[in-house]
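What follows is upload25.txt (compact mmCIF, C-alpha atoms).
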```txt
# COMPACT_ATOMS: atom_id res chain seq x y z
CA MET C 26 -32.38 -24.22 -10.57
CA SER C 27 -31.70 -21.09 -12.61
CA GLN C 28 -28.94 -20.95 -15.16
CA SER C 29 -26.90 -18.52 -13.04
CA ASN C 30 -27.08 -20.90 -10.06
CA ILE C 31 -25.95 -23.81 -12.23
CA GLN C 32 -23.12 -21.70 -13.64
CA MET C 33 -22.05 -20.67 -10.14
CA ALA C 34 -22.21 -24.28 -8.88
CA ILE C 35 -20.02 -25.45 -11.76
CA THR C 36 -17.54 -22.63 -11.14
CA VAL C 37 -17.39 -23.39 -7.41
CA ALA C 38 -16.85 -27.10 -8.16
CA VAL C 39 -14.02 -26.37 -10.60
CA VAL C 40 -12.36 -23.94 -8.16
CA ALA C 41 -12.72 -26.51 -5.34
CA VAL C 42 -11.05 -29.20 -7.45
CA VAL C 43 -8.21 -26.87 -8.49
CA PHE C 44 -7.55 -25.78 -4.91
CA ALA C 45 -7.75 -29.38 -3.64
CA LEU C 46 -5.10 -30.38 -6.18
CA ARG C 47 -2.95 -27.39 -5.21
CA PHE C 48 -3.19 -28.25 -1.49
CA ARG C 49 -2.30 -31.87 -2.26
CA ASN C 50 0.97 -30.77 -3.85
CA LEU C 51 2.03 -28.33 -1.12
CA ASN C 52 5.08 -30.35 -0.07
CA ARG C 53 6.46 -30.83 -3.56
CA GLU C 54 9.09 -28.50 -4.90
CA ARG C 55 8.82 -27.64 -8.56
CA ARG C 56 11.47 -26.30 -10.86
CA LEU C 57 11.00 -22.64 -11.65
CA LYS C 58 11.72 -22.12 -15.33
CA LEU C 59 12.85 -18.52 -15.32
CA GLU C 60 13.18 -18.42 -19.09
CA LEU C 61 9.43 -19.14 -19.46
CA MET C 62 8.08 -16.75 -16.82
CA TRP C 63 7.39 -14.01 -19.37
CA ILE C 64 4.87 -16.10 -21.33
CA LEU C 65 1.90 -15.93 -18.94
CA PRO C 66 2.01 -12.13 -18.46
CA VAL C 67 2.21 -11.59 -22.23
CA VAL C 68 -0.69 -13.97 -22.93
CA LEU C 69 -2.80 -12.39 -20.18
CA VAL C 70 -2.15 -8.85 -21.39
CA ALA C 71 -2.98 -9.90 -24.98
CA ALA C 72 -6.24 -11.49 -23.81
CA MET C 73 -7.08 -8.37 -21.78
CA VAL C 74 -6.43 -6.12 -24.77
CA ALA C 75 -8.59 -8.37 -26.98
CA ALA C 76 -11.43 -8.15 -24.44
CA LEU C 77 -11.11 -4.38 -24.13
CA VAL C 78 -11.01 -3.88 -27.91
CA GLN C 79 -14.23 -5.84 -28.33
CA PHE C 80 -16.23 -3.36 -26.20
CA PRO C 81 -13.93 -0.37 -25.64
CA PRO C 82 -14.46 1.54 -22.40
CA ARG C 83 -15.39 5.20 -22.68
CA GLY C 84 -14.46 8.29 -20.74
CA LEU C 85 -14.08 7.72 -17.00
CA ASP C 86 -14.31 3.95 -17.51
CA TRP C 87 -10.61 4.05 -18.40
CA ALA C 88 -9.79 5.67 -15.06
CA TRP C 89 -11.77 3.00 -13.18
CA LEU C 90 -10.03 0.22 -15.11
CA ALA C 91 -6.62 1.82 -14.46
CA ALA C 92 -7.42 1.95 -10.73
CA VAL C 93 -8.55 -1.69 -10.76
CA LEU C 94 -5.36 -2.68 -12.65
CA ALA C 95 -3.28 -0.85 -10.03
CA ILE C 96 -5.13 -2.65 -7.21
CA GLY C 97 -4.69 -6.00 -8.97
CA SER C 98 -0.99 -5.26 -9.49
CA VAL C 99 -0.44 -4.44 -5.81
CA ILE C 100 -2.27 -7.62 -4.78
CA GLY C 101 -0.26 -9.58 -7.36
CA TRP C 102 3.05 -8.21 -6.06
CA TRP C 103 2.05 -9.20 -2.54
CA ARG C 104 0.94 -12.66 -3.71
CA GLY C 105 4.24 -13.14 -5.59
CA LYS C 106 6.19 -12.33 -2.42
CA LEU C 107 4.29 -15.08 -0.56
CA ILE C 108 5.66 -17.76 -2.88
CA PRO C 109 9.06 -19.01 -1.69
CA ILE C 110 11.86 -19.43 -4.22
CA ALA C 111 14.99 -21.44 -3.44
CA ILE C 112 18.18 -21.84 -5.44
CA ASP C 113 20.52 -24.78 -5.42
CA PRO C 114 23.95 -23.22 -4.72
CA GLU C 115 25.79 -25.80 -6.83
CA THR C 116 23.56 -26.24 -9.89
CA HIS C 117 21.86 -22.83 -9.72
CA LEU C 118 18.51 -24.48 -10.40
CA LEU C 119 15.58 -22.47 -9.10
CA ASN C 120 12.82 -24.26 -7.21
CA THR C 121 9.54 -23.04 -5.87
CA LYS C 122 7.23 -24.56 -3.37
CA PRO C 123 3.57 -23.60 -3.27
CA SER C 124 2.88 -21.43 -0.27
CA PRO C 125 -0.21 -22.23 1.79
CA ALA C 126 -0.57 -18.50 2.44
CA ALA C 127 -0.52 -17.71 -1.29
CA ILE C 128 -3.11 -20.40 -2.02
CA LEU C 129 -5.37 -19.26 0.81
CA PHE C 130 -4.91 -15.69 -0.41
CA LEU C 131 -6.11 -16.70 -3.88
CA LEU C 132 -9.03 -18.59 -2.40
CA GLY C 133 -10.00 -15.50 -0.43
CA LEU C 134 -9.84 -13.43 -3.60
CA PHE C 135 -12.18 -15.87 -5.35
CA VAL C 136 -14.66 -15.55 -2.49
CA VAL C 137 -14.44 -11.74 -2.57
CA ARG C 138 -14.82 -11.79 -6.35
CA PHE C 139 -17.99 -13.90 -6.18
CA ALA C 140 -19.46 -11.67 -3.49
CA LEU C 141 -18.58 -8.46 -5.34
CA ARG C 142 -19.82 -9.83 -8.64
CA ALA C 143 -23.18 -10.79 -7.15
CA LEU C 144 -23.49 -7.40 -5.44
CA LEU C 145 -22.41 -5.37 -8.46
CA GLU C 146 -24.58 -7.29 -10.91
CA SER C 147 -27.65 -6.95 -8.71
CA GLU C 148 -27.06 -3.23 -8.08
CA ALA C 149 -25.60 -2.28 -11.48
CA SER C 150 -28.73 -0.61 -12.79
CA ALA C 151 -29.36 1.27 -9.53
CA TRP C 152 -25.77 2.53 -9.47
CA HIS C 153 -25.77 3.14 -13.25
CA ILE C 154 -22.83 0.80 -13.80
CA ASN C 155 -22.32 -0.90 -17.13
CA ALA C 156 -22.25 -4.73 -16.87
CA VAL C 157 -19.46 -4.85 -19.49
CA LEU C 158 -17.41 -2.49 -17.31
CA ILE C 159 -17.85 -4.85 -14.35
CA THR C 160 -16.67 -7.79 -16.45
CA ASP C 161 -13.74 -5.77 -17.81
CA GLY C 162 -12.86 -4.79 -14.25
CA PHE C 163 -12.62 -8.41 -13.17
CA ILE C 164 -10.49 -9.22 -16.24
CA VAL C 165 -8.15 -6.29 -15.55
CA LEU C 166 -7.92 -7.22 -11.85
CA GLY C 167 -7.01 -10.81 -12.75
CA VAL C 168 -4.38 -9.73 -15.26
CA GLY C 169 -2.80 -7.36 -12.75
CA LEU C 170 -2.81 -10.03 -10.06
CA LEU C 171 -1.45 -12.95 -12.08
CA ALA C 172 0.92 -11.09 -14.39
CA VAL C 173 2.50 -8.97 -11.67
CA SER C 174 2.92 -11.94 -9.32
CA ARG C 175 4.89 -13.65 -12.10
CA ILE C 176 6.94 -10.52 -12.69
CA GLU C 177 7.73 -10.21 -8.97
CA MET C 178 8.78 -13.85 -8.81
CA ALA C 179 10.95 -13.50 -11.93
CA LEU C 180 12.71 -10.41 -10.59
CA ARG C 181 13.34 -12.11 -7.25
CA ALA C 182 14.59 -15.27 -9.00
CA TRP C 183 16.98 -13.23 -11.17
CA GLY C 184 18.35 -11.60 -8.01
CA LEU C 185 18.88 -14.98 -6.34
CA LEU C 186 20.61 -16.27 -9.45
CA ARG C 187 22.90 -13.20 -9.59
CA GLU C 188 23.79 -13.62 -5.91
CA ALA C 189 24.55 -17.33 -6.34
CA ARG C 190 26.76 -16.66 -9.37
CA ALA C 191 28.60 -13.89 -7.53
CA ALA C 192 29.16 -16.17 -4.52
CA ARG C 193 30.49 -18.91 -6.78
CA ALA C 194 32.81 -16.44 -8.52
CA GLN C 195 34.18 -15.26 -5.15
CA LEU C 196 34.85 -18.85 -4.09
CA ALA C 197 36.66 -19.54 -7.34
CA ALA C 198 38.81 -16.40 -6.98
```

Take the structure I supplied and represent it as structure tokens, if you would.
Amino acid sequence: MSQSNIQMAITVAVVAVVFALRFRNLNRERRLKLELMWILPVVLVAAMVAALVQFPPRGLDWAWLAAVLAIGSVIGWWRGKLIPIAIDPETHLLNTKPSPAAILFLLGLFVVRFALRALLESEASAWHINAVLITDGFIVLGVGLLAVSRIEMALRAWGLLREARAARAQLAA
């Protein structure tokens, strides 16, 4: 077996374990800690900037990366909307329950990513595409997807919290 096949097998095994664990916990509600939702987007953006600084894109590469970030952000917004958020009207605690649609959506993205990566890496020289640009594109896509899904969820959670507080204030008045 070649090293790339071993690497792909390990990646597929890790992804399979992660998704199996996520599917196992589908019926469990988890507390949504709104005050901590900003951390992941900040860490992801910092990691993306560190990766881009290491081998800075040139010229039109920036436009491609901006387009990929926009695509990742749109996908992330859509993914964030798939995750249900509930609020306890009395305690105002926010809870989220993993959505099967959101998990299947992520799984589909992993499959598309593997297919695109294999295609792009095999055709990179023929299409005159830089391998670093391909890697940066996947990083930027992931940051857009994960960071924006968190942002969408946080904005929606803040709205639910505002509505619950307003409803409580009306009842008290």

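Using all atoms listed in the file, the contacts of stretch 43-49 of chain C at a cut-off of 12 Å, with sequence neighbours closer than 4 positions omitted, comprise Thr36, Val37, Ala38, Val39, Arg53, Lys122, Pro123, Ser124, Pro125, Ala126, Ala127, Ile128, Leu129, Phe130, Leu131, Leu132, Gly133 and Phe135 of chain C.
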
Those same residues, written as an mmCIF file, in the frame of the given file with C-alpha atoms?
```
data_model
loop_
_atom_site.group_PDB
_atom_site.id
_atom_site.type_symbol
_atom_site.label_atom_id
_atom_site.label_comp_id
_atom_site.auth_asym_id
_atom_site.auth_seq_id
_atom_site.Cartn_x
_atom_site.Cartn_y
_atom_site.Cartn_z
ATOM 1 C CA THR C 36 -17.540 -22.630 -11.140
ATOM 2 C CA VAL C 37 -17.390 -23.390 -7.410
ATOM 3 C CA ALA C 38 -16.850 -27.100 -8.160
ATOM 4 C CA VAL C 39 -14.020 -26.370 -10.600
ATOM 5 C CA ARG C 53 6.460 -30.830 -3.560
ATOM 6 C CA LYS C 122 7.230 -24.560 -3.370
ATOM 7 C CA PRO C 123 3.570 -23.600 -3.270
ATOM 8 C CA SER C 124 2.880 -21.430 -0.270
ATOM 9 C CA PRO C 125 -0.210 -22.230 1.790
ATOM 10 C CA ALA C 126 -0.570 -18.500 2.440
ATOM 11 C CA ALA C 127 -0.520 -17.710 -1.290
ATOM 12 C CA ILE C 128 -3.110 -20.400 -2.020
ATOM 13 C CA LEU C 129 -5.370 -19.260 0.810
ATOM 14 C CA PHE C 130 -4.910 -15.690 -0.410
ATOM 15 C CA LEU C 131 -6.110 -16.700 -3.880
ATOM 16 C CA LEU C 132 -9.030 -18.590 -2.400
ATOM 17 C CA GLY C 133 -10.000 -15.500 -0.430
ATOM 18 C CA PHE C 135 -12.180 -15.870 -5.350
#
```

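Distances here use only C-alpha atoms; by that measure, the residue among C:Leu118, C:Ala88, C:Val78, C:Met73 closest to C:Leu185 is C:Leu118.
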
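Note that atom CA of C:Leu65 and atom CA of C:Met178 are 12.4 Å apart.
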
What would the list of residues within 8 Å of (2.0, -11.6, -7.0) (file frame) look like as a VMD selection string, if only C-alpha atoms are what count? chain C and resid 98 to 107 170 to 178

Give me, as a list in words, all polymer residues having an atom no more than 12 Å from C:Asn155, counting all atoms listed in the file and skipping those fewer than 3 positions away in the same chain. Phe80, Pro81, Pro82, Arg83, Leu85, Asp86, Trp89, Leu145, Glu146, Ser147, Glu148, Ala149, Ser150, Ala151, Trp152, Leu158, Ile159, Thr160, Asp161 and Gly162 of chain C

Residues within 9 Å of (22.5, -17.6, -8.0), file coords, all atoms listed in the file, listed as a PDB file with C-alpha atoms, keeping the file's coordinate frame:
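What follows is the written file selection-v2.pdb:
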```pdb
ATOM      1  CA  ILE C 112      18.180 -21.840  -5.440  1.00  0.00           C
ATOM      2  CA  ASP C 113      20.520 -24.780  -5.420  1.00  0.00           C
ATOM      3  CA  PRO C 114      23.950 -23.220  -4.720  1.00  0.00           C
ATOM      4  CA  GLU C 115      25.790 -25.800  -6.830  1.00  0.00           C
ATOM      5  CA  THR C 116      23.560 -26.240  -9.890  1.00  0.00           C
ATOM      6  CA  HIS C 117      21.860 -22.830  -9.720  1.00  0.00           C
ATOM      7  CA  LEU C 118      18.510 -24.480 -10.400  1.00  0.00           C
ATOM      8  CA  LEU C 119      15.580 -22.470  -9.100  1.00  0.00           C
ATOM      9  CA  ALA C 182      14.590 -15.270  -9.000  1.00  0.00           C
ATOM     10  CA  TRP C 183      16.980 -13.230 -11.170  1.00  0.00           C
ATOM     11  CA  GLY C 184      18.350 -11.600  -8.010  1.00  0.00           C
ATOM     12  CA  LEU C 185      18.880 -14.980  -6.340  1.00  0.00           C
ATOM     13  CA  LEU C 186      20.610 -16.270  -9.450  1.00  0.00           C
ATOM     14  CA  ARG C 187      22.900 -13.200  -9.590  1.00  0.00           C
ATOM     15  CA  GLU C 188      23.790 -13.620  -5.910  1.00  0.00           C
ATOM     16  CA  ALA C 189      24.550 -17.330  -6.340  1.00  0.00           C
ATOM     17  CA  ARG C 190      26.760 -16.660  -9.370  1.00  0.00           C
ATOM     18  CA  ALA C 191      28.600 -13.890  -7.530  1.00  0.00           C
ATOM     19  CA  ALA C 192      29.160 -16.170  -4.520  1.00  0.00           C
ATOM     20  CA  ARG C 193      30.490 -18.910  -6.780  1.00  0.00           C
TER      21      ARG C 193
END
```

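Separating atom CA of C:Gly169 from atom CA of C:Gly97 is a distance of 4.4 Å.
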
For stretch 174-196 of chain C, which lacks atoms in the input, supply N, CA and C atoms and format the output as a CSV table (one decimal), keeping the file's coordinate frame.
```csv
chain,number,residue,atom,x,y,z
C,174,SER,N,2.3,-10.9,-10.2
C,174,SER,CA,2.9,-11.9,-9.3
C,174,SER,C,4.0,-12.7,-10.0
C,175,ARG,N,3.8,-13.0,-11.3
C,175,ARG,CA,4.9,-13.6,-12.1
C,175,ARG,C,6.1,-12.7,-12.3
C,176,ILE,N,5.8,-11.5,-12.5
C,176,ILE,CA,6.9,-10.5,-12.7
C,176,ILE,C,7.7,-10.4,-11.4
C,177,GLU,N,7.0,-10.3,-10.3
C,177,GLU,CA,7.7,-10.2,-9.0
C,177,GLU,C,8.6,-11.4,-8.7
C,178,MET,N,8.0,-12.6,-9.0
C,178,MET,CA,8.8,-13.8,-8.8
C,178,MET,C,10.0,-13.9,-9.7
C,179,ALA,N,9.8,-13.5,-11.0
C,179,ALA,CA,11.0,-13.5,-11.9
C,179,ALA,C,12.1,-12.6,-11.5
C,180,LEU,N,11.7,-11.4,-11.1
C,180,LEU,CA,12.7,-10.4,-10.6
C,180,LEU,C,13.5,-10.9,-9.4
C,181,ARG,N,12.7,-11.5,-8.4
C,181,ARG,CA,13.3,-12.1,-7.2
C,181,ARG,C,14.2,-13.3,-7.6
C,182,ALA,N,13.8,-14.1,-8.6
C,182,ALA,CA,14.6,-15.3,-9.0
C,182,ALA,C,15.9,-14.8,-9.7
C,183,TRP,N,15.8,-13.8,-10.5
C,183,TRP,CA,17.0,-13.2,-11.2
C,183,TRP,C,18.0,-12.7,-10.1
C,184,GLY,N,17.5,-12.1,-9.1
C,184,GLY,CA,18.4,-11.6,-8.0
C,184,GLY,C,19.0,-12.7,-7.3
C,185,LEU,N,18.3,-13.8,-7.0
C,185,LEU,CA,18.9,-15.0,-6.3
C,185,LEU,C,19.9,-15.6,-7.2
C,186,LEU,N,19.7,-15.7,-8.5
C,186,LEU,CA,20.6,-16.3,-9.4
C,186,LEU,C,21.9,-15.4,-9.5
C,187,ARG,N,21.7,-14.1,-9.6
C,187,ARG,CA,22.9,-13.2,-9.6
C,187,ARG,C,23.7,-13.4,-8.3
C,188,GLU,N,23.1,-13.4,-7.2
C,188,GLU,CA,23.8,-13.6,-5.9
C,188,GLU,C,24.5,-15.0,-5.9
C,189,ALA,N,23.9,-16.0,-6.3
C,189,ALA,CA,24.6,-17.3,-6.3
C,189,ALA,C,25.8,-17.4,-7.3
C,190,ARG,N,25.6,-16.7,-8.4
C,190,ARG,CA,26.8,-16.7,-9.4
C,190,ARG,C,27.9,-15.8,-8.8
C,191,ALA,N,27.6,-14.7,-8.1
C,191,ALA,CA,28.6,-13.9,-7.5
C,191,ALA,C,29.3,-14.6,-6.4
C,192,ALA,N,28.6,-15.4,-5.6
C,192,ALA,CA,29.2,-16.2,-4.5
C,192,ALA,C,30.1,-17.2,-5.1
C,193,ARG,N,29.7,-17.9,-6.2
C,193,ARG,CA,30.5,-18.9,-6.8
C,193,ARG,C,31.8,-18.3,-7.4
C,194,ALA,N,31.6,-17.1,-7.9
C,194,ALA,CA,32.8,-16.4,-8.5
C,194,ALA,C,33.8,-16.0,-7.4
C,195,GLN,N,33.3,-15.6,-6.3
C,195,GLN,CA,34.2,-15.3,-5.2
C,195,GLN,C,34.9,-16.5,-4.6
C,196,LEU,N,34.2,-17.6,-4.6
C,196,LEU,CA,34.8,-18.8,-4.1
C,196,LEU,C,35.9,-19.3,-5.0
```
